>>> print(open('input28.pdb').read())   # PDB, C-alpha atoms
ATOM      1  CA  MET D 345       0.000   0.000   0.000
ATOM      2  CA  ALA D 346       2.820   2.412   0.854
ATOM      3  CA  VAL D 347       4.451   1.721  -2.510
ATOM      4  CA  GLU D 348       1.174   2.405  -4.317
ATOM      5  CA  LEU D 349       0.734   5.693  -2.460
ATOM      6  CA  ASP D 350       4.304   6.682  -3.306
ATOM      7  CA  LEU D 351       3.760   5.922  -7.009
ATOM      8  CA  HIS D 352       0.517   7.906  -6.962
ATOM      9  CA  ALA D 353       2.299  10.878  -5.379
ATOM     10  CA  GLN D 354       5.054  10.670  -8.010
ATOM     11  CA  LEU D 355       2.474  10.544 -10.781
ATOM     12  CA  GLN D 356       0.624  13.569  -9.437
ATOM     13  CA  ALA D 357       3.889  15.483  -9.108
ATOM     14  CA  GLN D 358       4.779  14.632 -12.711
ATOM     15  CA  ILE D 359       1.350  15.787 -13.907
ATOM     16  CA  GLU D 360       1.930  19.094 -12.111
ATOM     17  CA  ARG D 361       5.329  19.472 -13.779
ATOM     18  CA  ASP D 362       3.952  18.635 -17.224
ATOM     19  CA  LEU D 363       1.129  21.153 -16.928
ATOM     20  CA  ALA D 364       3.434  23.810 -15.473
ATOM     21  CA  ALA D 365       5.878  23.391 -18.366
ATOM     22  CA  TRP D 366       3.099  23.728 -20.958
ATOM     23  CA  ASN D 367       1.464  26.717 -19.262
ATOM     24  CA  ASP D 368       4.800  28.487 -18.717
ATOM     25  CA  GLY D 369       5.376  28.264 -22.466
ATOM     26  CA  GLN D 370       1.956  29.762 -23.124
ATOM     27  CA  GLN D 371       2.652  32.560 -20.618
ATOM     28  CA  LYS D 372       5.802  33.535 -22.517
ATOM     29  CA  GLN D 373       3.791  33.760 -25.740
ATOM     30  CA  SER D 374       1.191  35.884 -23.971
ATOM     31  CA  ILE D 375       3.857  38.298 -22.716
ATOM     32  CA  ARG D 376       5.116  38.758 -26.277
ATOM     33  CA  TYR D 377       1.532  39.303 -27.429
ATOM     34  CA  ARG D 378       0.937  42.032 -24.817
ATOM     35  CA  ALA D 379       4.225  43.752 -25.626
ATOM     36  CA  ALA D 380       3.404  43.830 -29.341
ATOM     37  CA  LYS D 381      -0.100  45.151 -28.697
ATOM     38  CA  GLU D 382       1.126  47.876 -26.340
ATOM     39  CA  ALA D 383       3.767  48.933 -28.883
ATOM     40  CA  ALA D 384       1.184  49.124 -31.661
ATOM     41  CA  THR D 385      -1.090  51.217 -29.465
ATOM     42  CA  ALA D 386       1.733  53.581 -28.541
ATOM     43  CA  LEU D 387       2.675  54.010 -32.202
ATOM     44  CA  GLN D 388      -0.986  54.303 -33.266
ATOM     45  CA  ALA D 389      -0.373  51.398 -35.637
ATOM     46  CA  ASP D 390      -2.771  48.692 -36.702
ATOM     47  CA  PHE D 391      -2.412  45.550 -34.598
ATOM     48  CA  HIS D 392      -2.544  42.351 -36.619
ATOM     49  CA  LEU D 393      -1.973  39.699 -33.961
ATOM     50  CA  GLU D 394      -5.336  39.279 -32.251
ATOM     51  CA  GLN D 395      -4.613  35.879 -30.750
ATOM     52  CA  LYS D 396      -7.354  34.022 -28.950
ATOM     53  CA  HIS D 397      -6.558  33.063 -25.378
ATOM     54  CA  LEU D 398      -8.183  29.720 -24.557
ATOM     55  CA  LEU D 399      -8.435  27.405 -21.567
ATOM     56  CA  ALA D 400      -8.316  23.688 -22.411
ATOM     57  CA  ILE D 401      -9.851  21.159 -20.034
ATOM     58  CA  GLY D 402      -9.803  17.535 -21.059
ATOM     59  CA  ASP D 403      -8.364  14.110 -21.633
ATOM     60  CA  SER D 404      -5.930  12.579 -24.125
ATOM     61  CA  TRP D 405      -7.591  14.249 -27.112
ATOM     62  CA  PHE D 406      -6.091  17.443 -25.650
ATOM     63  CA  ASP D 407      -3.001  15.715 -24.228
ATOM     64  CA  TYR D 408      -1.754  12.991 -26.545
ATOM     65  CA  PRO D 409       2.053  12.913 -26.160
ATOM     66  CA  ILE D 410       2.956  11.084 -29.373
ATOM     67  CA  GLU D 411       2.184  11.019 -33.076
ATOM     68  CA  GLY D 412       0.022   8.048 -33.912
ATOM     69  CA  ASN D 413       1.655   5.045 -32.232
ATOM     70  CA  ASN D 414       5.244   6.321 -32.406
ATOM     71  CA  PRO D 415       6.539   6.599 -28.809
ATOM     72  CA  LEU D 416       9.607   8.576 -29.923
ATOM     73  CA  SER D 417       7.670  11.424 -31.532
ATOM     74  CA  GLY D 418       6.184  14.630 -30.158
ATOM     75  CA  PRO D 419       2.592  15.467 -29.207
ATOM     76  CA  SER D 420      -0.145  15.529 -31.845
ATOM     77  CA  ASP D 421      -3.339  16.317 -29.904
ATOM     78  CA  ILE D 422      -6.036  18.877 -30.697
ATOM     79  CA  LYS D 423      -4.523  21.820 -28.837
ATOM     80  CA  VAL D 424      -1.148  21.273 -30.552
ATOM     81  CA  GLN D 425      -2.878  21.062 -33.928
ATOM     82  CA  LEU D 426      -4.868  24.251 -33.256
ATOM     83  CA  GLN D 427      -1.639  26.129 -32.680
ATOM     84  CA  ALA D 428      -0.231  24.680 -35.894
ATOM     85  CA  ILE D 429      -3.148  25.352 -38.234
ATOM     86  CA  CYS D 430      -4.492  28.727 -37.063
ATOM     87  CA  SER D 431      -3.245  32.193 -37.913
ATOM     88  CA  PRO D 432      -2.551  33.787 -35.556
ATOM     89  CA  SER D 433      -1.789  30.794 -33.372
ATOM     90  CA  PRO D 434      -3.975  30.731 -30.238
ATOM     91  CA  ILE D 435      -2.514  30.763 -26.746
ATOM     92  CA  ILE D 436      -3.937  27.766 -24.889
ATOM     93  CA  TYR D 437      -3.567  27.316 -21.156
ATOM     94  CA  SER D 438      -4.394  23.797 -20.076
ATOM     95  CA  THR D 439      -5.441  21.511 -17.243
ATOM     96  CA  ALA D 440      -5.896  18.583 -19.658
ATOM     97  CA  HIS D 441      -4.243  15.262 -18.954
ATOM     98  CA  ARG D 442      -4.469  11.937 -20.723
ATOM     99  CA  GLY D 443      -6.492   9.316 -18.923
ATOM    100  CA  ASP D 444      -8.825  11.763 -17.156
ATOM    101  CA  ALA D 445     -12.509  10.913 -16.955
ATOM    102  CA  SER D 446     -14.964  13.806 -16.721
ATOM    103  CA  THR D 447     -15.178  13.144 -12.993
ATOM    104  CA  ASP D 448     -11.378  13.562 -12.776
ATOM    105  CA  GLU D 449     -11.534  16.762 -14.794
ATOM    106  CA  MET D 450     -14.046  18.258 -12.368
ATOM    107  CA  SER D 451     -12.619  16.748  -9.170
ATOM    108  CA  LEU D 452     -11.568  19.136  -6.403
ATOM    109  CA  PRO D 453      -7.855  19.224  -7.377
ATOM    110  CA  LYS D 454      -8.704  19.944 -11.021
ATOM    111  CA  GLN D 455     -11.302  22.594 -10.166
ATOM    112  CA  GLU D 456      -8.693  24.264  -7.973
ATOM    113  CA  ARG D 457      -6.223  24.158 -10.873
ATOM    114  CA  ILE D 458      -8.822  25.622 -13.242
ATOM    115  CA  LEU D 459      -9.606  28.339 -10.722
ATOM    116  CA  GLN D 460      -5.922  29.169 -10.296
ATOM    117  CA  LEU D 461      -5.618  29.776 -14.030
ATOM    118  CA  LEU D 462      -8.848  31.774 -14.244
ATOM    119  CA  MET D 463      -7.874  34.026 -11.340
ATOM    120  CA  ASP D 464      -4.447  34.824 -12.814
ATOM    121  CA  LYS D 465      -5.474  37.902 -14.793
ATOM    122  CA  SER D 466      -1.970  38.199 -16.271
ATOM    123  CA  LYS D 467      -2.903  35.292 -18.521
ATOM    124  CA  TRP D 468      -6.004  36.887 -20.019
ATOM    125  CA  PRO D 469      -5.783  40.216 -21.894
ATOM    126  CA  SER D 470      -9.539  40.723 -21.464
ATOM    127  CA  GLY D 471      -9.522  39.486 -17.864
ATOM    128  CA  LYS D 472     -10.824  36.027 -18.728
ATOM    129  CA  PRO D 473     -10.476  33.441 -21.518
ATOM    130  CA  ASP D 474     -11.987  34.101 -24.917
ATOM    131  CA  ALA D 475     -13.379  30.561 -24.686
ATOM    132  CA  ILE D 476     -13.015  27.294 -22.827
ATOM    133  CA  ILE D 477     -12.482  24.182 -24.937
ATOM    134  CA  LEU D 478     -13.453  20.847 -23.441
ATOM    135  CA  SER D 479     -12.854  17.151 -24.140
ATOM    136  CA  ALA D 480     -14.747  15.138 -21.550
ATOM    137  CA  GLY D 481     -16.654  11.890 -21.290
ATOM    138  CA  GLY D 482     -14.667   9.317 -23.244
ATOM    139  CA  ASN D 483     -12.756   7.886 -20.301
ATOM    140  CA  ASP D 484     -15.907   7.546 -18.219
ATOM    141  CA  VAL D 485     -17.000   4.799 -20.603
ATOM    142  CA  ALA D 486     -13.934   3.410 -22.368
ATOM    143  CA  GLY D 487     -11.403   1.057 -20.849
ATOM    144  CA  ASN D 488     -11.884  -1.952 -18.630
ATOM    145  CA  ASN D 489     -15.142  -0.455 -17.366
ATOM    146  CA  PHE D 490     -16.736  -0.595 -20.845
ATOM    147  CA  CYS D 491     -18.086  -4.063 -20.059
ATOM    148  CA  ILE D 492     -20.251  -2.524 -17.304
ATOM    149  CA  PHE D 493     -22.483  -0.990 -19.951
ATOM    150  CA  LEU D 494     -22.777  -4.072 -22.163
ATOM    151  CA  ASP D 495     -25.381  -6.821 -22.114
ATOM    152  CA  TYR D 496     -24.036 -10.303 -22.715
ATOM    153  CA  ASN D 497     -24.769 -11.470 -26.254
ATOM    154  CA  ASP D 498     -27.209 -14.309 -25.672
ATOM    155  CA  GLY D 499     -28.830 -13.973 -29.070
ATOM    156  CA  ALA D 500     -31.541 -11.623 -27.793
ATOM    157  CA  ALA D 501     -29.658  -8.650 -26.295
ATOM    158  CA  SER D 502     -29.019  -5.617 -28.490
ATOM    159  CA  GLY D 503     -25.675  -4.464 -27.054
ATOM    160  CA  LEU D 504     -25.720  -1.467 -24.756
ATOM    161  CA  ASN D 505     -27.643  -1.890 -21.539
ATOM    162  CA  ALA D 506     -29.954   1.135 -21.667
ATOM    163  CA  GLN D 507     -30.354   1.567 -17.917
ATOM    164  CA  ARG D 508     -26.695   1.207 -17.004
ATOM    165  CA  TYR D 509     -25.500   3.427 -19.860
ATOM    166  CA  ALA D 510     -28.026   6.119 -18.992
ATOM    167  CA  GLY D 511     -26.522   6.097 -15.502
ATOM    168  CA  ILE D 512     -22.998   6.886 -16.702
ATOM    169  CA  LEU D 513     -24.278   9.575 -19.088
ATOM    170  CA  ALA D 514     -26.001  11.204 -16.115
ATOM    171  CA  ILE D 515     -22.657  11.285 -14.288
ATOM    172  CA  VAL D 516     -20.901  12.817 -17.308
ATOM    173  CA  ARG D 517     -23.704  15.378 -17.608
ATOM    174  CA  SER D 518     -23.181  16.311 -13.965
ATOM    175  CA  SER D 519     -19.507  16.993 -14.684
ATOM    176  CA  TYR D 520     -20.463  19.341 -17.508
ATOM    177  CA  LEU D 521     -22.960  21.132 -15.258
ATOM    178  CA  ALA D 522     -20.284  21.491 -12.574
ATOM    179  CA  LEU D 523     -18.015  23.206 -15.116
ATOM    180  CA  PHE D 524     -20.824  25.555 -16.178
ATOM    181  CA  SER D 525     -21.321  26.502 -12.544
ATOM    182  CA  LEU D 526     -17.606  27.111 -11.985
ATOM    183  CA  ARG D 527     -17.451  29.226 -15.139
ATOM    184  CA  ASP D 528     -20.496  31.277 -14.097
ATOM    185  CA  ARG D 529     -18.878  32.132 -10.767
ATOM    186  CA  HIS D 530     -15.392  32.989 -11.953
ATOM    187  CA  ALA D 531     -15.525  33.737 -15.699
ATOM    188  CA  PRO D 532     -19.143  34.696 -16.433
ATOM    189  CA  GLY D 533     -20.093  34.851 -20.080
ATOM    190  CA  VAL D 534     -17.160  32.793 -21.364
ATOM    191  CA  PRO D 535     -18.461  30.263 -23.933
ATOM    192  CA  ILE D 536     -17.567  26.599 -23.648
ATOM    193  CA  TYR D 537     -16.945  24.421 -26.728
ATOM    194  CA  ALA D 538     -16.874  20.628 -26.409
ATOM    195  CA  HIS D 539     -16.529  17.967 -29.057
ATOM    196  CA  CYS D 540     -18.368  14.649 -29.328
ATOM    197  CA  TYR D 541     -15.387  12.493 -30.397
ATOM    198  CA  ASP D 542     -15.853  10.260 -33.461
ATOM    199  CA  PHE D 543     -16.706   6.661 -34.301
ATOM    200  CA  PRO D 544     -13.745   4.299 -33.841
ATOM    201  CA  THR D 545     -13.482   0.651 -34.815
ATOM    202  CA  PRO D 546     -13.006  -1.613 -31.773
ATOM    203  CA  ASN D 547     -10.286  -3.635 -33.487
ATOM    204  CA  GLY D 548      -8.018  -4.302 -30.508
ATOM    205  CA  VAL D 549      -5.188  -1.991 -31.647
ATOM    206  CA  PRO D 550      -3.413  -0.609 -28.541
ATOM    207  CA  ALA D 551      -1.243   2.436 -27.986
ATOM    208  CA  PRO D 552       2.490   1.967 -27.290
ATOM    209  CA  CYS D 553       3.906   0.680 -24.010
ATOM    210  CA  GLY D 554       1.044  -1.737 -23.460
ATOM    211  CA  TYR D 555      -1.769   0.806 -23.006
ATOM    212  CA  GLY D 556      -5.050  -0.364 -24.439
ATOM    213  CA  PRO D 557      -6.896  -1.771 -26.186
ATOM    214  CA  TRP D 558      -9.917  -0.246 -24.492
ATOM    215  CA  LEU D 559     -13.008  -1.562 -26.291
ATOM    216  CA  LYS D 560     -12.499  -4.952 -27.920
ATOM    217  CA  PRO D 561     -11.585  -6.842 -24.717
ATOM    218  CA  SER D 562     -14.939  -5.936 -23.153
ATOM    219  CA  LEU D 563     -16.781  -6.785 -26.367
ATOM    220  CA  ASP D 564     -14.984 -10.136 -26.523
ATOM    221  CA  PHE D 565     -15.829 -10.798 -22.882
ATOM    222  CA  CYS D 566     -19.509 -10.129 -23.584
ATOM    223  CA  ASN D 567     -19.501 -12.254 -26.775
ATOM    224  CA  TRP D 568     -19.823  -9.450 -29.353
ATOM    225  CA  THR D 569     -18.112  -9.499 -32.761
ATOM    226  CA  VAL D 570     -16.047  -6.558 -34.014
ATOM    227  CA  GLY D 571     -18.729  -5.733 -36.584
ATOM    228  CA  ARG D 572     -21.487  -5.681 -34.020
ATOM    229  CA  GLY D 573     -19.159  -3.954 -31.578
ATOM    230  CA  LYS D 574     -18.697  -1.075 -33.991
ATOM    231  CA  VAL D 575     -22.479  -0.611 -34.067
ATOM    232  CA  ILE D 576     -22.589  -0.661 -30.250
ATOM    233  CA  VAL D 577     -19.835   1.973 -29.978
ATOM    234  CA  HIS D 578     -21.602   4.098 -32.599
ATOM    235  CA  ASP D 579     -24.808   3.895 -30.573
ATOM    236  CA  ALA D 580     -22.990   4.864 -27.364
ATOM    237  CA  LEU D 581     -21.416   7.924 -28.977
ATOM    238  CA  ALA D 582     -24.664   8.967 -30.658
ATOM    239  CA  GLN D 583     -26.349   8.945 -27.238
ATOM    240  CA  PHE D 584     -23.423  10.913 -25.815
ATOM    241  CA  LYS D 585     -23.837  13.581 -28.500
ATOM    242  CA  ALA D 586     -27.592  13.728 -27.868
ATOM    243  CA  MET D 587     -26.851  14.434 -24.195
ATOM    244  CA  LEU D 588     -24.461  17.243 -25.171
ATOM    245  CA  ASP D 589     -26.989  18.669 -27.634
ATOM    246  CA  GLY D 590     -29.495  18.813 -24.794
ATOM    247  CA  LEU D 591     -27.080  20.913 -22.747
ATOM    248  CA  ALA D 592     -26.380  23.166 -25.729
ATOM    249  CA  ALA D 593     -30.105  23.754 -26.232
ATOM    250  CA  ASP D 594     -30.221  25.752 -22.983
ATOM    251  CA  PRO D 595     -28.900  29.255 -23.836
ATOM    252  CA  SER D 596     -27.991  29.925 -20.210
ATOM    253  CA  ASN D 597     -25.292  27.236 -20.432
ATOM    254  CA  LYS D 598     -23.388  29.238 -23.101
ATOM    255  CA  PHE D 599     -22.323  25.841 -24.381
ATOM    256  CA  HIS D 600     -21.583  24.728 -27.945
ATOM    257  CA  VAL D 601     -21.081  21.241 -29.379
ATOM    258  CA  VAL D 602     -18.371  21.004 -32.033
ATOM    259  CA  PRO D 603     -19.769  18.565 -34.643
ATOM    260  CA  THR D 604     -16.893  16.105 -34.904
ATOM    261  CA  GLN D 605     -18.768  12.811 -35.369
ATOM    262  CA  GLY D 606     -18.442  11.537 -38.926
ATOM    263  CA  THR D 607     -15.217  13.475 -39.572
ATOM    264  CA  LEU D 608     -12.783  10.527 -39.576
ATOM    265  CA  ASN D 609     -12.648   7.234 -41.416
ATOM    266  CA  ASP D 610     -10.758   4.075 -40.466
ATOM    267  CA  THR D 611      -7.502   5.369 -41.981
ATOM    268  CA  HIS D 612      -7.394   8.319 -39.549
ATOM    269  CA  TRP D 613      -7.071   6.243 -36.362
ATOM    270  CA  ALA D 614      -3.763   5.364 -34.703
ATOM    271  CA  ASN D 615      -5.394   2.897 -32.326
ATOM    272  CA  GLU D 616      -8.792   2.091 -30.854
ATOM    273  CA  LEU D 617      -9.334   5.496 -29.234
ATOM    274  CA  HIS D 618      -6.901   8.017 -30.698
ATOM    275  CA  PRO D 619      -6.670   9.573 -34.169
ATOM    276  CA  ASP D 620      -3.365   9.790 -35.986
ATOM    277  CA  PRO D 621      -1.912  13.306 -36.540
ATOM    278  CA  THR D 622      -4.007  13.803 -39.680
ATOM    279  CA  GLY D 623      -7.124  12.800 -37.772
ATOM    280  CA  PHE D 624      -6.355  15.117 -34.864
ATOM    281  CA  ARG D 625      -5.752  17.928 -37.369
ATOM    282  CA  MET D 626      -9.142  17.303 -38.968
ATOM    283  CA  ILE D 627     -10.833  17.504 -35.550
ATOM    284  CA  ALA D 628      -8.855  20.660 -34.734
ATOM    285  CA  ARG D 629     -10.153  22.291 -37.896
ATOM    286  CA  LYS D 630     -13.685  21.699 -36.614
ATOM    287  CA  PHE D 631     -12.775  23.506 -33.399
ATOM    288  CA  ALA D 632     -11.130  26.357 -35.304
ATOM    289  CA  THR D 633     -14.254  26.844 -37.412
ATOM    290  CA  ALA D 634     -16.519  26.816 -34.357
ATOM    291  CA  LEU D 635     -14.266  29.328 -32.590
ATOM    292  CA  GLY D 636     -14.092  31.618 -35.618
ATOM    293  CA  MET D 637     -10.326  31.324 -36.021
ATOM    294  CA  ASN D 638      -8.514  31.786 -39.321
ATOM    295  CA  LEU D 639      -6.906  28.718 -40.837
ATOM    296  CA  LEU D 640      -3.496  28.762 -42.433
ATOM    297  CA  SER D 641      -3.326  28.100 -46.151
ATOM    298  CA  PRO D 642      -2.146  26.704 -48.451
ATOM    299  CA  ALA D 643      -1.819  23.202 -47.023
ATOM    300  CA  PRO D 644       2.003  22.989 -47.465
ATOM    301  CA  ALA D 645       2.461  25.951 -45.133
ATOM    302  CA  LEU D 646       0.183  24.292 -42.600
ATOM    303  CA  GLU D 647       2.194  21.102 -42.720
ATOM    304  CA  ALA D 648       5.484  22.978 -42.423
ATOM    305  CA  LYS D 649       4.356  24.817 -39.323
ATOM    306  CA  ALA D 650       3.028  21.632 -37.739
ATOM    307  CA  SER D 651       6.353  19.934 -38.440
ATOM    308  CA  SER D 652       8.242  22.879 -36.926
ATOM    309  CA  ILE D 653       6.203  22.733 -33.719
ATOM    310  CA  ARG D 654       6.696  18.978 -33.423
ATOM    311  CA  SER D 655      10.457  19.325 -33.967
ATOM    312  CA  THR D 656      10.722  22.048 -31.319
ATOM    313  CA  LYS D 657       8.800  19.984 -28.788
ATOM    314  CA  THR D 658      10.823  16.872 -29.568
ATOM    315  CA  ALA D 659      14.067  18.811 -29.107
ATOM    316  CA  THR D 660      12.835  20.170 -25.787
ATOM    317  CA  THR D 661      11.945  16.669 -24.680
ATOM    318  CA  LYS D 662      15.431  15.431 -25.508
ATOM    319  CA  LYS D 663      16.961  18.099 -23.268
ATOM    320  CA  ALA D 664      14.802  17.111 -20.328
ATOM    321  CA  LYS D 665      16.131  14.865 -17.581
ATOM    322  CA  PRO D 666      15.209  11.268 -18.366
ATOM    323  CA  ARG D 667      12.302   9.913 -16.377
ATOM    324  CA  THR D 668      12.610   6.688 -14.488
ATOM    325  CA  ARG D 669       8.914   6.090 -13.889
ATOM    326  CA  LYS D 670       6.667   4.038 -16.164
ATOM    327  CA  PRO D 671       5.133   6.188 -18.939
ATOM    328  CA  GLU D 672       1.701   7.634 -18.183
ATOM    329  CA  PRO D 673      -1.193   5.906 -20.016
ATOM    330  CA  VAL D 674      -2.624   7.544 -23.080
ATOM    331  CA  SER D 675      -5.944   5.741 -22.723
ATOM    332  CA  GLY D 676      -9.213   7.541 -23.304
ATOM    333  CA  ARG D 677     -10.268  10.432 -25.448
TER
END
>>> encode(input="input28.pdb", output="structure tokens")
Amino acid sequence: MAVELDLHAQLQAQIERDLAAWNDGQQKQSIRYRAAKEAATALQADFHLEQKHLLAIGDSWFDYPIEGNNPLSGPSDIKVQLQAICSPSPIIYSTAHRGDASTDEMSLPKQERILQLLMDKSKWPSGKPDAIILSAGGNDVAGNNFCIFLDYNDGAASGLNAQRYAGILAIVRSSYLALFSLRDRHAPGVPIYAHCYDFPTPNGVPAPCGYGPWLKPSLDFCNWTVGRGKVIVHDALAQFKAMLDGLAADPSNKFHVVPTQGTLNDTHWANELHPDPTGFRMIARKFATALGMNLLSPAPALEAKASSIRSTKTATTKKAKPRTRKPEPVSGR
């Protein structure tokens, strides 16, 4: 037990260091932004660098540390892609961490971390974020707990157990409502944009270092084929989106669903739950459109900038002191 507690403490400390390193980098960009804007104002010049300042809260779709299934590459998640494909590149502060369920994202430690960022007015030129972007709900369902929501295939069952799945959606919905409440108290009026993931194939493909698969083992355990499993996963995600649409229908929530379902095909997935870099970029474009951000063009310039960012991050990683702990899981969306 003592060893487990020590490992947990080390993991939490590493999460804090990872988030601090990312947010320190964003702070430096924000300082340059403010200096440029103040200089333009002093010189009565037009200012052409109206960067959006965003707060990202989420799971591995906002914190995926590799490209595809290559453990030696740099990050390729949505927030990294947004900075690569938008002009000007947004500044994105983050509390996102791979493996987080929505209940983790809105737990007391994470709400305190969110609040710390919101209350630091030096991070927000307008006093608060331009928007909050959110990736929440995938880890509440996926993983070894996926079998909880499945009926055993006895020839009569349809797949998802309606009652049990409705229960987990209610928990995820509560996490979203908790975020709305936190936002209303400390950053009133800031819109929140969440995505609804996309439809993967439960084919048993894991991520590196033995993480995953997340879906097929539960389907196998409950006697479902891959083909039927894909229909079950599609149904689960369609119900998830319907729940989000219900929240978005209430104007007081100031909540928007980014329509990401149906964006990817089977070639855009690195493993059961995570897109490859192209897939993440396609999802990021959906966010950019919803947020009203300008996209870089032509495509070669976009790819060059994305490559530059990945190279910089990879170089930074190489300079860091080697870690001795086991790599953190990349499971979940």
>>> closest_residue(input="input28.pdb", among="D:Asp594, D:Ala357, D:Ile515, D:Thr569", to="D:Tyr496", atoms="all atoms listed in the file")
D:Thr569
>>> closest_residue(input="input28.pdb", among="D:Ile458, D:Ala383, D:Ala538, D:Ala486", to="D:Ile512", atoms="all atoms listed in the file")
D:Ala486
>>> resolve_selection(input="input28.pdb", expression="the PyMOL selection byres ((chain D and resi 374) around 9)", output="PyMOL selection string")
chain D and resi 369-373+375-379+395+397+435+466-469
>>> resolve_selection(input="input28.pdb", expression="the PyMOL selection byres ((chain D and resi 596) around 12)", output="list in words")
Leu521, Phe524, Ser525, Arg527, Asp528, Pro532, Gly533, Val534, Pro535, Ile536, Leu591, Ala592, Ala593, Asp594, Pro595, Asn597, Lys598, Phe599 and His600 of chain D
>>> residues_around(input="input28.pdb", residues="D:Asn483", least_positions_apart="3", cutoff="12 Å", atoms="all atoms listed in the file", output="ChimeraX atom specification")
/D:402-405,441-449,479-480,486-490,512-513,516,541,558-559,617-618,673-677
>>> atom_distance(input="input28.pdb", atom1="atom CA of D:Gln455", atom2="atom CA of D:Ala531")
13.1 Å
>>> resolve_selection(input="input28.pdb", expression="the PyMOL selection byres ((chain D and resi 420) around 9)", output="MDAnalysis selection string")
chainID D and resid 405:412 417:419 421:425 620:622 624:625 654
>>> residues_around(input="input28.pdb", residues="D:Leu635", least_positions_apart="4", cutoff="10 Å", atoms="only C-alpha atoms", output="list in words")
Lys396, Asp474, Ala475, Ile477, Pro535, Ile536, Tyr537, His600, Val602, Arg629, Lys630 and Phe631 of chain D
>>> residues_around(input="input28.pdb", residues="D:Asn414", least_positions_apart="6", cutoff="10 Å", atoms="only C-alpha atoms", output="number ranges by chain")
D: 551-552, 614, 620
>>> closest_residue(input="input28.pdb", among="D:Ser641, D:Lys472, D:Pro619, D:Ser519", to="D:Lys454", atoms="only C-alpha atoms")
D:Ser519
>>> atom_distance(input="input28.pdb", atom1="atom CA of D:Asp542", atom2="atom CA of D:Phe493")
18.8 Å
>>> closest_residue(input="input28.pdb", among="D:His578, D:Lys585, D:His539, D:Arg572", to="D:Ala634", atoms="all atoms listed in the file")
D:His539
